[in-house]
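*Asks:* Okay, so here is input_7.tsv, and as you'll see once you scroll down, it has TSV, C-alpha atoms and all ligand atoms.
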```tsv
chain	number	residue	atom	x	y	z
L	148	MET	CA	-34.67	-0.27	-0.66
L	149	SER	CA	-30.98	0.68	-0.66
L	150	GLN	CA	-28.49	-2.13	-0.09
L	151	GLU	CA	-25.67	-1.53	2.38
L	152	ARG	CA	-22.31	-1.18	0.65
L	153	LYS	CA	-19.94	-4.10	1.20
L	154	LYS	CA	-17.02	-3.26	3.48
L	155	ARG	CA	-13.39	-4.14	2.85
L	156	TRP	CA	-11.45	-4.02	6.10
L	157	VAL	CA	-7.75	-3.23	5.75
L	158	MET	CA	-4.90	-2.02	7.94
L	159	VAL	CA	-2.33	0.60	6.94
L	160	VAL	CA	0.91	0.37	8.92
L	161	ASP	CA	3.49	3.14	9.24
L	162	PRO	CA	6.56	1.22	10.48
L	163	ASP	CA	8.60	4.43	10.79
L	164	LYS	CA	6.43	5.38	13.78
L	165	CYS	CA	7.00	2.14	15.70
L	166	ILE	CA	9.07	2.47	18.89
L	167	ASP	CA	8.85	-1.25	19.84
L	168	CYS	CA	6.99	-0.51	23.07
L	169	LYS	CA	5.03	-3.81	22.73
L	170	ALA	CA	1.77	-2.19	23.90
L	171	CYS	CA	0.02	-3.75	20.88
L	172	ASP	CA	1.18	-7.23	21.87
L	173	VAL	CA	-0.04	-6.77	25.45
L	174	ALA	CA	-3.37	-5.24	24.36
L	175	CYS	CA	-3.93	-8.06	21.87
L	176	LYS	CA	-3.25	-10.75	24.44
L	177	ARG	CA	-5.54	-9.09	27.00
L	178	GLU	CA	-8.32	-8.54	24.46
L	179	ASN	CA	-8.18	-12.09	23.15
L	180	GLY	CA	-7.84	-13.98	26.41
L	181	MET	CA	-4.20	-14.97	25.94
L	182	ASP	CA	-1.88	-15.28	28.93
L	183	ALA	CA	0.68	-12.45	28.64
L	184	GLY	CA	2.71	-13.81	31.57
L	185	THR	CA	3.46	-17.40	30.65
L	186	ASP	CA	2.10	-17.83	27.14
L	187	GLN	CA	5.24	-16.34	25.60
L	188	GLN	CA	5.59	-18.65	22.63
L	189	VAL	CA	2.42	-17.65	20.75
L	190	TYR	CA	1.62	-14.23	19.33
L	191	ARG	CA	-1.18	-12.78	17.25
L	192	ASN	CA	0.99	-9.76	16.52
L	193	TRP	CA	4.70	-9.17	16.83
L	194	ILE	CA	7.46	-6.66	16.12
L	195	THR	CA	10.59	-7.50	14.12
L	196	SER	CA	13.76	-5.43	14.23
L	197	LYS	CA	14.85	-4.48	10.71
L	198	GLY	CA	18.28	-3.26	11.81
L	199	VAL	CA	19.91	0.04	12.68
L	200	GLU	CA	20.32	2.89	10.23
L	201	GLY	CA	22.39	6.06	10.31
L	202	THR	CA	25.81	7.12	11.62
L	203	TYR	CA	26.67	7.53	15.31
L	204	PRO	CA	25.29	9.43	17.17
L	205	TYR	CA	22.34	9.76	14.75
L	206	LEU	CA	21.16	6.15	14.83
L	207	LYS	CA	17.65	4.79	14.39
L	208	GLU	CA	16.50	1.20	14.81
L	209	ARG	CA	13.74	0.24	12.39
L	210	PHE	CA	10.84	-1.98	13.42
L	211	GLU	CA	8.20	-3.85	11.49
L	212	PRO	CA	4.93	-4.73	13.24
L	213	SER	CA	3.13	-7.73	11.78
L	214	GLN	CA	0.25	-10.17	12.24
L	215	CYS	CA	-2.11	-12.20	10.02
L	216	GLN	CA	-2.27	-10.34	6.72
L	217	HIS	CA	-5.93	-11.27	6.08
L	218	CYS	CA	-4.90	-12.25	2.57
L	219	GLN	CA	-7.41	-11.91	-0.25
L	220	ASN	CA	-5.83	-14.98	-1.87
L	221	PRO	CA	-5.16	-16.96	1.32
L	222	PRO	CA	-3.21	-20.23	1.08
L	223	CYS	CA	-4.38	-21.15	4.60
L	224	VAL	CA	-8.00	-21.29	3.36
L	225	LYS	CA	-7.11	-23.29	0.26
L	226	VAL	CA	-5.40	-26.10	2.19
L	227	CYS	CA	-7.99	-26.41	4.97
L	228	PRO	CA	-9.68	-29.84	4.54
L	229	THR	CA	-12.75	-28.99	6.66
L	230	SER	CA	-13.40	-25.38	5.58
L	231	ALA	CA	-12.66	-24.32	9.17
L	232	SER	CA	-10.60	-21.51	7.64
L	233	TYR	CA	-12.70	-19.24	5.48
L	234	GLN	CA	-13.03	-15.71	4.09
L	235	THR	CA	-15.77	-13.34	5.16
L	236	GLU	CA	-17.55	-10.95	2.79
L	237	ASP	CA	-15.82	-7.94	4.33
L	238	GLY	CA	-12.29	-9.15	3.65
L	239	LEU	CA	-11.36	-11.03	6.82
L	240	VAL	CA	-9.87	-14.50	7.04
L	241	ALA	CA	-11.57	-16.27	9.93
L	242	ILE	CA	-11.58	-19.67	11.64
L	243	ASP	CA	-14.62	-21.73	12.59
L	244	TYR	CA	-13.03	-23.28	15.66
L	245	LYS	CA	-15.60	-26.10	15.89
L	246	ARG	CA	-14.51	-27.39	12.48
L	247	CYS	CA	-10.76	-27.28	13.16
L	248	ILE	CA	-9.23	-30.77	13.34
L	249	VAL	CA	-5.74	-29.38	14.14
L	250	CYS	CA	-4.12	-30.95	11.07
L	251	ALA	CA	-1.81	-27.89	10.99
L	252	SER	CA	-1.92	-27.65	7.18
L	253	CYS	CA	-2.74	-23.96	7.49
L	254	ILE	CA	0.25	-23.32	9.75
L	255	LEU	CA	2.53	-24.82	7.11
L	256	ALA	CA	0.80	-22.98	4.25
L	257	CYS	CA	0.95	-19.48	5.76
L	258	PRO	CA	3.99	-17.58	4.39
L	259	TYR	CA	3.82	-15.11	7.31
L	260	ASP	CA	3.96	-17.56	10.25
L	261	ALA	CA	0.75	-15.98	11.49
L	262	ARG	CA	-0.93	-19.10	12.90
L	263	TYR	CA	-0.34	-21.13	16.03
L	264	LYS	CA	-1.97	-23.82	18.11
L	265	SER	CA	-3.62	-22.18	21.07
L	266	PRO	CA	-2.43	-23.53	24.43
L	267	GLN	CA	-5.84	-22.61	25.83
L	268	THR	CA	-8.31	-23.90	23.22
L	269	LYS	CA	-6.03	-26.55	21.64
L	270	VAL	CA	-7.12	-25.54	18.13
L	271	ILE	CA	-5.49	-23.28	15.54
L	272	ASP	CA	-5.75	-19.54	16.05
L	273	LYS	CA	-4.40	-16.23	14.74
L	274	CYS	CA	-5.24	-12.52	14.53
L	275	THR	CA	-8.92	-11.97	13.78
L	276	PHE	CA	-8.60	-8.20	13.21
L	277	CYS	CA	-10.55	-8.23	16.50
L	278	ALA	CA	-13.75	-9.03	14.56
L	279	HIS	CA	-15.76	-8.95	17.81
L	280	ARG	CA	-14.69	-5.33	18.36
L	281	ILE	CA	-15.31	-4.32	14.73
L	282	ALA	CA	-18.87	-5.69	15.09
L	283	GLU	CA	-19.36	-3.25	17.99
L	284	GLY	CA	-18.01	-0.31	15.98
L	285	LYS	CA	-14.69	-0.32	17.85
L	286	LEU	CA	-11.14	-0.44	16.51
L	287	PRO	CA	-8.94	-3.55	16.85
L	288	ALA	CA	-7.16	-3.52	20.22
L	289	CYS	CA	-3.69	-3.13	18.69
L	290	VAL	CA	-4.85	-0.07	16.74
L	291	ASP	CA	-6.56	1.48	19.74
L	292	THR	CA	-3.63	1.09	22.12
L	293	CYS	CA	-0.65	2.20	20.00
L	294	PRO	CA	0.79	5.44	21.46
L	295	THR	CA	2.31	6.56	18.15
L	296	LYS	CA	-0.61	5.51	15.90
L	297	VAL	CA	1.39	3.06	13.78
L	298	ARG	CA	-1.71	1.18	12.60
L	299	VAL	CA	-4.71	2.74	10.86
L	300	PHE	CA	-7.72	0.50	10.37
L	301	GLY	CA	-10.75	1.06	8.18
L	302	ASP	CA	-12.96	0.33	5.21
L	303	LEU	CA	-11.10	0.62	1.91
L	304	ASN	CA	-14.44	0.70	0.07
L	305	ASP	CA	-15.24	4.01	1.78
L	306	PRO	CA	-13.45	6.69	-0.28
L	307	ASN	CA	-13.60	9.05	2.72
L	308	SER	CA	-11.86	6.65	5.12
L	309	GLU	CA	-8.37	7.40	6.37
L	310	VAL	CA	-7.08	4.10	4.95
L	311	ALA	CA	-8.40	5.01	1.48
L	312	ARG	CA	-6.88	8.49	1.75
L	313	LEU	CA	-3.49	7.13	2.86
L	314	LEU	CA	-3.33	4.53	0.10
L	315	ALA	CA	-4.31	7.13	-2.49
L	316	THR	CA	-1.66	9.63	-1.43
L	317	ARG	CA	1.30	7.64	-0.06
L	318	HIS	CA	3.72	5.03	-1.37
L	319	TYR	CA	3.22	1.63	0.18
L	320	ARG	CA	4.24	-2.02	-0.10
L	321	VAL	CA	2.92	-5.39	1.02
L	322	LEU	CA	4.94	-8.15	2.69
L	323	LYS	CA	6.14	-11.02	0.48
L	324	PRO	CA	4.35	-9.88	-2.69
L	325	GLU	CA	6.00	-12.74	-4.59
L	326	GLN	CA	3.69	-15.15	-2.72
L	327	GLY	CA	0.66	-13.73	-4.54
L	328	THR	CA	-1.41	-13.72	-1.34
L	329	LYS	CA	-2.82	-10.19	-1.77
L	330	PRO	CA	-2.45	-9.03	1.86
L	331	SER	CA	-4.87	-6.61	3.55
L	332	LEU	CA	-2.00	-4.98	5.44
L	333	PHE	CA	-0.29	-2.14	3.60
L	334	TYR	CA	3.05	-0.76	4.80
L	335	LEU	CA	3.76	2.91	4.12
L	336	SER	CA	7.20	3.53	2.64
Q	1	LIG	S1	2.08	-0.28	20.19
Q	1	LIG	FE1	2.67	0.82	18.32
Q	1	LIG	S2	4.71	1.70	18.78
Q	1	LIG	FE2	4.32	0.11	20.32
Q	1	LIG	S3	5.27	-1.75	19.46
Q	1	LIG	FE3	3.09	-1.76	18.82
Q	1	LIG	S4	3.08	-0.78	16.80
Q	1	LIG	FE4	5.05	-0.29	17.75
Q	2	LIG	S1	-1.34	-14.26	6.74
Q	2	LIG	FE1	-1.34	-16.50	6.81
Q	2	LIG	S2	-3.02	-17.01	8.21
Q	2	LIG	FE2	-3.34	-14.90	7.57
Q	2	LIG	S3	-4.72	-15.00	5.79
Q	2	LIG	FE3	-2.60	-14.96	5.00
Q	2	LIG	S4	-2.03	-17.11	4.75
Q	2	LIG	FE4	-3.84	-17.06	6.09
Q	3	LIG	S1	-6.43	-6.94	15.34
Q	3	LIG	FE1	-6.86	-7.77	17.37
Q	3	LIG	S2	-6.29	-9.94	17.21
Q	3	LIG	FE2	-5.29	-8.86	15.50
Q	3	LIG	S3	-3.25	-8.28	16.24
Q	3	LIG	FE3	-4.63	-6.56	16.59
Q	3	LIG	S4	-5.32	-6.84	18.70
Q	3	LIG	FE4	-4.51	-8.82	18.01
```
Show this structure as structure tokens.

*Replies:*
Amino acid sequence: MSQERKKRWVMVVDPDKCIDCKACDVACKRENGMDAGTDQQVYRNWITSKGVEGTYPYLKERFEPSQCQHCQNPPCVKVCPTSASYQTEDGLVAIDYKRCIVCASCILACPYDARYKSPQTKVIDKCTFCAHRIAEGKLPACVDTCPTKVRVFGDLNDPNSEVARLLATRHYRVLKPEQGTKPSLFYLS
């Protein structure tokens, strides 16, 4: 009997394509039951301005979309006293909400400020890579909604996937490599 190959979910981000339309933020909040109207202080994904380049009138503002990096060496998992934060076999960092005692150690440990206390559930939360959608064969909501296709999501263990092809043919970087977290988000450069 053949065993199914283990998946390794990653996201490849092309920040040059981002126009800061915030559709990914809205789609994420809608998909994950967050209040887009009043719940302004918590985000699973966000866009940071990286400044303006060029000479007038040929100016371009650069943006950097971000979210939980689904680190392969995740400090948030290491500090969790109840194992509420854990890694899945296919490369995700997940939270078992029932085990979360809201000690906030993971919020302090995350170098990317990816975690927050949910105003709705009162426990710690963050981007899940939309694991519920992946399980149904769908793309994460932020990937699906982006009009300029900034994010590409897929299985890095599949040599024919677009993420594998991009990482084999393009230059890329990860955020805060000095932290040694081994992120699953790769930024094309
Ligand atoms: S939806 Fe795409 S283009 Fe719009 S802000 Fe998000 S990443 Fe940028
Ligand atoms: S980005 Fe932060 S919350 Fe996400 S896996 Fe890494 S350390 Fe944990
Ligand atoms: S993968 Fe899902 S939870 Fe994560 S930022 Fe995208 S839409 Fe939000």

*Asks:* For a quick check of understanding, using all atoms listed in the file, which of L:Lys164, L:Arg177, L:His318, L:Arg246 has the smallest distance to Cys293 of chain L?

*Replies:* L:Lys164

*Asks:* At most 10 Å is the cut-off: for each residue in chain L with any atom that close to an atom of ligand LIG 1 (chain Q), write down the nearest atom pair and the distance in Å rounded to one decimal, counting only C-alpha atoms and all ligand atoms, chain first then increasing number, as a Markdown table.

*Replies:*
```
| residue | atom | partner | partner_atom | distance |
| --- | --- | --- | --- | --- |
| L:Val160 | CA | Q:LIG1 | S4 | 8.3 |
| L:Asp161 | CA | Q:LIG1 | S4 | 8.5 |
| L:Pro162 | CA | Q:LIG1 | S4 | 7.5 |
| L:Asp163 | CA | Q:LIG1 | FE4 | 9.1 |
| L:Lys164 | CA | Q:LIG1 | S2 | 6.4 |
| L:Cys165 | CA | Q:LIG1 | FE4 | 3.7 |
| L:Ile166 | CA | Q:LIG1 | S2 | 4.4 |
| L:Asp167 | CA | Q:LIG1 | S3 | 3.6 |
| L:Cys168 | CA | Q:LIG1 | FE2 | 3.9 |
| L:Lys169 | CA | Q:LIG1 | S3 | 3.9 |
| L:Ala170 | CA | Q:LIG1 | S1 | 4.2 |
| L:Cys171 | CA | Q:LIG1 | S1 | 4.1 |
| L:Asp172 | CA | Q:LIG1 | FE3 | 6.5 |
| L:Val173 | CA | Q:LIG1 | S1 | 8.6 |
| L:Ala174 | CA | Q:LIG1 | S1 | 8.5 |
| L:Cys175 | CA | Q:LIG1 | FE3 | 9.9 |
| L:Asn192 | CA | Q:LIG1 | FE3 | 8.6 |
| L:Trp193 | CA | Q:LIG1 | FE3 | 7.8 |
| L:Ile194 | CA | Q:LIG1 | S3 | 6.3 |
| L:Thr195 | CA | Q:LIG1 | S3 | 9.5 |
| L:Phe210 | CA | Q:LIG1 | FE4 | 7.4 |
| L:Glu211 | CA | Q:LIG1 | FE4 | 7.9 |
| L:Pro212 | CA | Q:LIG1 | S4 | 5.6 |
| L:Ser213 | CA | Q:LIG1 | S4 | 8.6 |
| L:Ala288 | CA | Q:LIG1 | S1 | 9.8 |
| L:Cys289 | CA | Q:LIG1 | S1 | 6.6 |
| L:Val290 | CA | Q:LIG1 | FE1 | 7.7 |
| L:Asp291 | CA | Q:LIG1 | S1 | 8.8 |
| L:Thr292 | CA | Q:LIG1 | S1 | 6.2 |
| L:Cys293 | CA | Q:LIG1 | S1 | 3.7 |
| L:Pro294 | CA | Q:LIG1 | FE1 | 5.9 |
| L:Thr295 | CA | Q:LIG1 | S2 | 5.5 |
| L:Lys296 | CA | Q:LIG1 | FE1 | 6.2 |
| L:Val297 | CA | Q:LIG1 | S4 | 5.2 |
| L:Arg298 | CA | Q:LIG1 | S4 | 6.7 |
```

*Asks:* For a quick check of understanding, using all atoms listed in the file, which of L:Asp260, L:Glu151, L:Glu200, L:Asp272 has the smallest distance to ligand LIG 3 (chain Q)?

*Replies:*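 Of L:Asp260, L:Glu151, L:Glu200, L:Asp272, the one nearest ligand LIG 3 (chain Q) is L:Asp272, counting all atoms listed in the file.
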
*Asks:* Determine the nearest neighbour of Gln188 of chain L from the options L:Pro221, L:Gly238, L:Pro266, L:Gly201, counting all atoms listed in the file.

*Replies:*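 For Gln188 of chain L, the nearest of the candidates is L:Pro266.
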
*Asks:* Considering all atoms listed in the file, state which residue in the set L:Tyr259, L:Tyr203, L:Tyr190, L:Trp156 is at the smallest distance from ligand LIG 2 (chain Q).

*Replies:* L:Tyr259

*Asks:* All residues within 12 Å of ligand LIG 2 (chain Q) are required, counting only C-alpha atoms and all ligand atoms; please report them as a PyMOL selection string.

*Replies:* chain L and resi 191-192+213-227+231-235+238-242+251-263+271-276+321-324+326-332

*Asks:* Which residue, L:Lys176, L:Arg317, L:Lys153, L:Lys245, has the smallest gap to ligand LIG 3 (chain Q) when you use only C-alpha atoms and all ligand atoms?

*Replies:*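 Selected residue with least distance to ligand LIG 3 (chain Q): L:Lys176.
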
*Asks:* Can you work out which one of L:Gly198, L:Pro228, L:Gly284, L:Gly180 has the shortest atom-to-atom distance to ligand LIG 3 (chain Q), counting all atoms listed in the file?

*Replies:* L:Gly180

*Asks:* Just give me the gap between atom CA of Leu314 of chain L and atom CA of Arg155 of chain L in Å, one decimal is fine.

*Replies:*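 These two atoms are separated by 13.6 Å.
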
*Asks:* I'd like the neighbourhood of segment 307-310 of chain L as a ChimeraX atom specification, where a residue qualifies if any of its atoms comes within 10 Å (using all atoms listed in the file), though same-chain residues fewer than 3 positions away should be ignored.

*Replies:* /L:156-160,298-304,313-315,333

*Asks:* Would you compute the distance between atom CA of Arg312 of chain L and atom CA of Leu335 of chain L? Give it in Å to one decimal.

*Replies:* 12.2 Å
